[in-house]
There are 2 protein chains.
Amino acid sequence: MRLTTKGRYAVTAMLDLALHYKDGPITLADISQRQGISLSYLEQLFSRLRKQELVDSTRGPGGGYRLSRDSHQIAVADVITAVDEKVETTRCGGLSNCQDDEQCLTHDLWTELSTQIHDFLMGISLGNLVERQGVQKVAARQEQAETHFVTTEDAVVNS
Amino acid sequence: MRLTTKGRYAVTAMLDLALHYKDGPITLADISQRQGISLSYLEQLFSRLRKQELVDSTRGPGGGYRLSRDSHQIAVADVITAVDEKVETTRCGGLSNCQDDEQCLTHDLWTELSTQIHDFLMGISLGNLVERQGVQKVAARQEQAETHFVTTEDAVVNS
DNA sequence: AAATACTTGACTAAAATGCTAGGTTTTGTT
DNA sequence: AACAAAACCTAGCATTTTAGTCAAGTATTT
């Protein structure tokens, strides 16, 4: 289990989907604008998310992406592992011949540690995150900014 | 908190130190041979580990590195954060202006998640790892291989 | 003095990151 | 039927990070 910014972007995007679940399919363009992630990068990420069946896609006008199931049924770990390559280029891959045709000292250790982190992140769902104060606060600001962008007449209201 | 192979190498090396604590200062050359990590890379890692005061070094013949304190007092998290740059090149660094001069959706979230993983890895000490079966087993094999290397007359004993 | 141990800095190949550009399909709306 | 909005695909690019290597030191102890 690797923890990089890639997984973070994916979690951000999925969290955006969770927050706007009731608005029907969400376009990547929307997410791109709200979260400041480039459209093409989102396409990359969602290609994987779709293959892992974490999201459903609808093509054509009015289309977009939706969570494939309730936000409480999608763990942060699911999202992160979906976008992470599982290539395991490190020498302790699937095989255990990482050192002199034997198992290196941290082979078991690392997989175990990895498992525990995985389990931990399995315990946190997108639904959990949506319920958090900080997330709600930022989401509210983002929605406000969006409104500003669409209709400019009420731009002074929230200064 | 990032989890990469670099941190893993560091944990492996520190675990080696913990396993050979009673043998006095351990040279990087020893660790390099036992764990199959290049000497120069170890030097890089240990430079950081020393600066974080996780190890004590002794120069000169018979010198080497030792854990700076009991293996139960050194957490896996300590080791990983020591070798990881804290530069935070990602846009959500110390400042919270990651998106439109405001805080991005996962800013708080990610730091919180990161904190929880950190706490989790704080709960696992090198001492804990040493006590594990798998580690003991591999360590025994490594020591055996080492003996083989030094004295060849008893090479047939453990076949 | 010499062996041994550690330090420093420059360099590199490979991979990951994040983006750009330019498509093609699919599908609802006019 | 034509158009436009969206997903979806492919290729490539610039930059950074990773995982090291190499060379030339400095320091300490026997």
# chains A, B, ... in the order shown; residues from 1 in each chain; ligands from 1

call {"tool": "interface_residues", "arguments": {"of": "chain C", "to": "chain A", "cutoff": "10 Å", "atoms": "only C-alpha atoms (C1' of nucleotides)", "output": "PyMOL selection string"}}
result
chain C and resi 15-20+25-29

call {"tool": "write_last_selection", "arguments": {"atoms": "C-alpha atoms (C1' of nucleotides)", "output": "PDB file, in the first residue's frame"}}
result
ATOM      1  C1'  DA C  15       9.904   5.598 -12.675  1.00  0.00           C
ATOM      2  C1'  DA C  16       6.092   8.457 -11.196  1.00  0.00           C
ATOM      3  C1'  DT C  17       3.544  12.810 -11.546  1.00  0.00           C
ATOM      4  C1'  DG C  18       0.698  15.742 -13.647  1.00  0.00           C
ATOM      5  C1'  DC C  19      -0.385  17.903 -17.808  1.00  0.00           C
ATOM      6  C1'  DT C  20      -1.343  18.861 -22.996  1.00  0.00           C
ATOM      7  C1'  DT C  25     -17.539   7.288 -29.541  1.00  0.00           C
ATOM      8  C1'  DT C  26     -22.109   7.689 -27.290  1.00  0.00           C
ATOM      9  C1'  DT C  27     -26.304  10.040 -26.471  1.00  0.00           C
ATOM     10  C1'  DG C  28     -29.649  13.642 -25.377  1.00  0.00           C
ATOM     11  C1'  DT C  29     -31.537  17.938 -27.411  1.00  0.00           C
TER      12       DT C  29
END

call {"tool": "interface_residues", "arguments": {"of": "chain D", "to": "chain B", "cutoff": "8 Å", "atoms": "only C-alpha atoms (C1' of nucleotides)", "output": "PyMOL selection string"}}
result
chain D and resi 19-21+27-30

call {"tool": "write_last_selection", "arguments": {"atoms": "N, CA and C atoms (P, O5', C5', C4', C3', O3' and C1' of nucleotides)", "output": "compact mmCIF listing (two decimals), in the first residue's frame"}}
result
# COMPACT_ATOMS: atom_id res chain seq x y z
P DA D 19 12.29 4.28 -3.78
O5' DA D 19 13.71 3.81 -4.33
C5' DA D 19 13.78 3.19 -5.60
C4' DA D 19 15.21 3.08 -6.02
C3' DA D 19 16.17 2.54 -4.94
O3' DA D 19 17.07 1.62 -5.54
C1' DA D 19 17.00 4.51 -5.80
P DG D 20 17.66 0.39 -4.68
O5' DG D 20 19.14 0.54 -4.27
C5' DG D 20 19.95 1.67 -4.08
C4' DG D 20 20.46 2.21 -5.38
C3' DG D 20 21.96 2.25 -5.44
O3' DG D 20 22.45 1.07 -6.05
C1' DG D 20 20.95 4.25 -6.28
P DT D 21 23.96 0.64 -5.73
O5' DT D 21 24.84 1.63 -6.61
C5' DT D 21 24.71 1.62 -8.03
C4' DT D 21 25.67 2.64 -8.63
C3' DT D 21 27.14 2.43 -8.21
O3' DT D 21 27.93 2.39 -9.39
C1' DT D 21 26.48 4.68 -7.83
P DA D 27 37.98 16.59 9.85
O5' DA D 27 37.81 15.23 10.64
C5' DA D 27 36.50 14.79 10.94
C4' DA D 27 36.56 13.45 11.64
C3' DA D 27 37.46 13.41 12.87
O3' DA D 27 36.67 12.90 13.94
C1' DA D 27 37.96 11.60 11.42
P DT D 28 37.18 12.95 15.44
O5' DT D 28 37.64 11.44 15.64
C5' DT D 28 36.68 10.41 15.46
C4' DT D 28 37.34 9.05 15.56
C3' DT D 28 38.23 8.87 16.79
O3' DT D 28 37.75 7.72 17.46
C1' DT D 28 39.33 8.11 14.82
P DT D 29 38.07 7.47 19.02
O5' DT D 29 38.97 6.17 18.91
C5' DT D 29 38.43 5.03 18.25
C4' DT D 29 39.55 4.13 17.76
C3' DT D 29 40.55 3.72 18.84
O3' DT D 29 40.61 2.32 18.85
C1' DT D 29 41.66 4.41 16.87
P DT D 30 41.16 1.50 20.10
O5' DT D 30 42.25 0.56 19.43
C5' DT D 30 41.87 -0.28 18.34
C4' DT D 30 43.08 -0.60 17.48
C3' DT D 30 44.25 -1.20 18.26
O3' DT D 30 44.70 -2.37 17.61
C1' DT D 30 44.98 0.62 16.93

call {"tool": "select_by_dssp", "arguments": {"residues": "stretch 11-123 of chain B", "states": "strand (DSSP E)", "output": "JSON, numbers by chain"}}
result
{"B": [55, 56, 57, 58, 64, 65, 66, 67]}

call {"tool": "write_last_selection", "arguments": {"atoms": "C-alpha atoms", "output": "tab-separated table (two decimals), in the first residue's frame"}}
result
chain	number	residue	atom	x	y	z
B	55	VAL	CA	21.29	6.08	15.98
B	56	ASP	CA	24.65	6.76	17.58
B	57	SER	CA	27.78	6.43	15.52
B	58	THR	CA	31.30	5.51	16.54
B	64	GLY	CA	29.77	1.53	13.51
B	65	TYR	CA	26.19	2.37	14.36
B	66	ARG	CA	24.02	1.55	17.33
B	67	LEU	CA	20.44	2.34	18.14

call {"tool": "closest_residue", "arguments": {"among": "B:Thr27, B:Asp119, B:Gly36, B:Val130", "to": "chain A", "atoms": "only C-alpha atoms"}}
result
B:Gly36

call {"tool": "atom_distance", "arguments": {"atom1": "atom C1' of D:DC9", "atom2": "atom CA of A:Ser32"}}
result
19.0 Å

call {"tool": "atom_distance", "arguments": {"atom1": "atom CA of A:Asp30", "atom2": "atom CA of A:Ala18"}}
result
13.3 Å

call {"tool": "residues_around", "arguments": {"residues": "A:Gly127", "least_positions_apart": "2", "cutoff": "10 Å", "atoms": "only C-alpha atoms (C1' of nucleotides)", "output": "PyMOL selection string"}}
result
chain A and resi 15+18-19+70-76+124-125+129-132

call {"tool": "closest_residue", "arguments": {"among": "B:Met122, B:Ile80, B:Leu113, B:Asp23", "to": "chain A", "atoms": "only C-alpha atoms"}}
result
B:Leu113

call {"tool": "atom_distance", "arguments": {"atom1": "atom CA of A:Gly7", "atom2": "atom CA of A:Arg69"}}
result
19.5 Å

call {"tool": "closest_residue", "arguments": {"among": "B:Asn128, B:Ser114, B:Gln52, B:Thr12", "to": "chain A", "atoms": "only C-alpha atoms"}}
result
B:Thr12

call {"tool": "decode", "arguments": {"residues": "stretch 42-56 of chain B", "atoms": "N, CA and C atoms", "output": "mmCIF file, in the first residue's frame"}}
result
data_model
loop_
_atom_site.group_PDB
_atom_site.id
_atom_site.type_symbol
_atom_site.label_atom_id
_atom_site.label_comp_id
_atom_site.auth_asym_id
_atom_site.auth_seq_id
_atom_site.Cartn_x
_atom_site.Cartn_y
_atom_site.Cartn_z
ATOM 1 N N LEU B 42 22.929 3.242 2.080
ATOM 2 C CA LEU B 42 22.839 3.167 3.532
ATOM 3 C C LEU B 42 23.449 4.411 4.178
ATOM 4 N N GLU B 43 24.533 4.864 3.627
ATOM 5 C CA GLU B 43 25.184 6.066 4.165
ATOM 6 C C GLU B 43 24.246 7.258 4.108
ATOM 7 N N GLN B 44 23.555 7.377 2.991
ATOM 8 C CA GLN B 44 22.548 8.439 2.852
ATOM 9 C C GLN B 44 21.485 8.331 3.937
ATOM 10 N N LEU B 45 20.947 7.134 4.068
ATOM 11 C CA LEU B 45 19.866 6.911 5.022
ATOM 12 C C LEU B 45 20.334 7.173 6.450
ATOM 13 N N PHE B 46 21.522 6.656 6.768
ATOM 14 C CA PHE B 46 21.995 6.780 8.151
ATOM 15 C C PHE B 46 22.418 8.198 8.500
ATOM 16 N N SER B 47 22.762 8.969 7.483
ATOM 17 C CA SER B 47 23.048 10.370 7.734
ATOM 18 C C SER B 47 21.808 11.041 8.332
ATOM 19 N N ARG B 48 20.666 10.714 7.769
ATOM 20 C CA ARG B 48 19.405 11.261 8.275
ATOM 21 C C ARG B 48 19.024 10.661 9.622
ATOM 22 N N LEU B 49 19.211 9.366 9.718
ATOM 23 C CA LEU B 49 18.841 8.695 10.966
ATOM 24 C C LEU B 49 19.665 9.237 12.135
ATOM 25 N N ARG B 50 20.909 9.567 11.827
ATOM 26 C CA ARG B 50 21.773 10.103 12.875
ATOM 27 C C ARG B 50 21.337 11.521 13.247
ATOM 28 N N LYS B 51 21.004 12.308 12.241
ATOM 29 C CA LYS B 51 20.570 13.680 12.501
ATOM 30 C C LYS B 51 19.289 13.708 13.325
ATOM 31 N N GLN B 52 18.469 12.685 13.144
ATOM 32 C CA GLN B 52 17.244 12.586 13.936
ATOM 33 C C GLN B 52 17.496 11.892 15.263
ATOM 34 N N GLU B 53 18.777 11.601 15.507
ATOM 35 C CA GLU B 53 19.194 10.990 16.776
ATOM 36 C C GLU B 53 18.515 9.653 17.050
ATOM 37 N N LEU B 54 18.320 8.898 15.976
ATOM 38 C CA LEU B 54 17.787 7.549 16.157
ATOM 39 C C LEU B 54 18.929 6.542 16.314
ATOM 40 N N VAL B 55 20.114 6.941 15.840
ATOM 41 C CA VAL B 55 21.287 6.078 15.982
ATOM 42 C C VAL B 55 22.465 6.891 16.504
ATOM 43 N N ASP B 56 23.383 6.175 17.165
ATOM 44 C CA ASP B 56 24.649 6.763 17.584
ATOM 45 C C ASP B 56 25.733 6.157 16.714
#
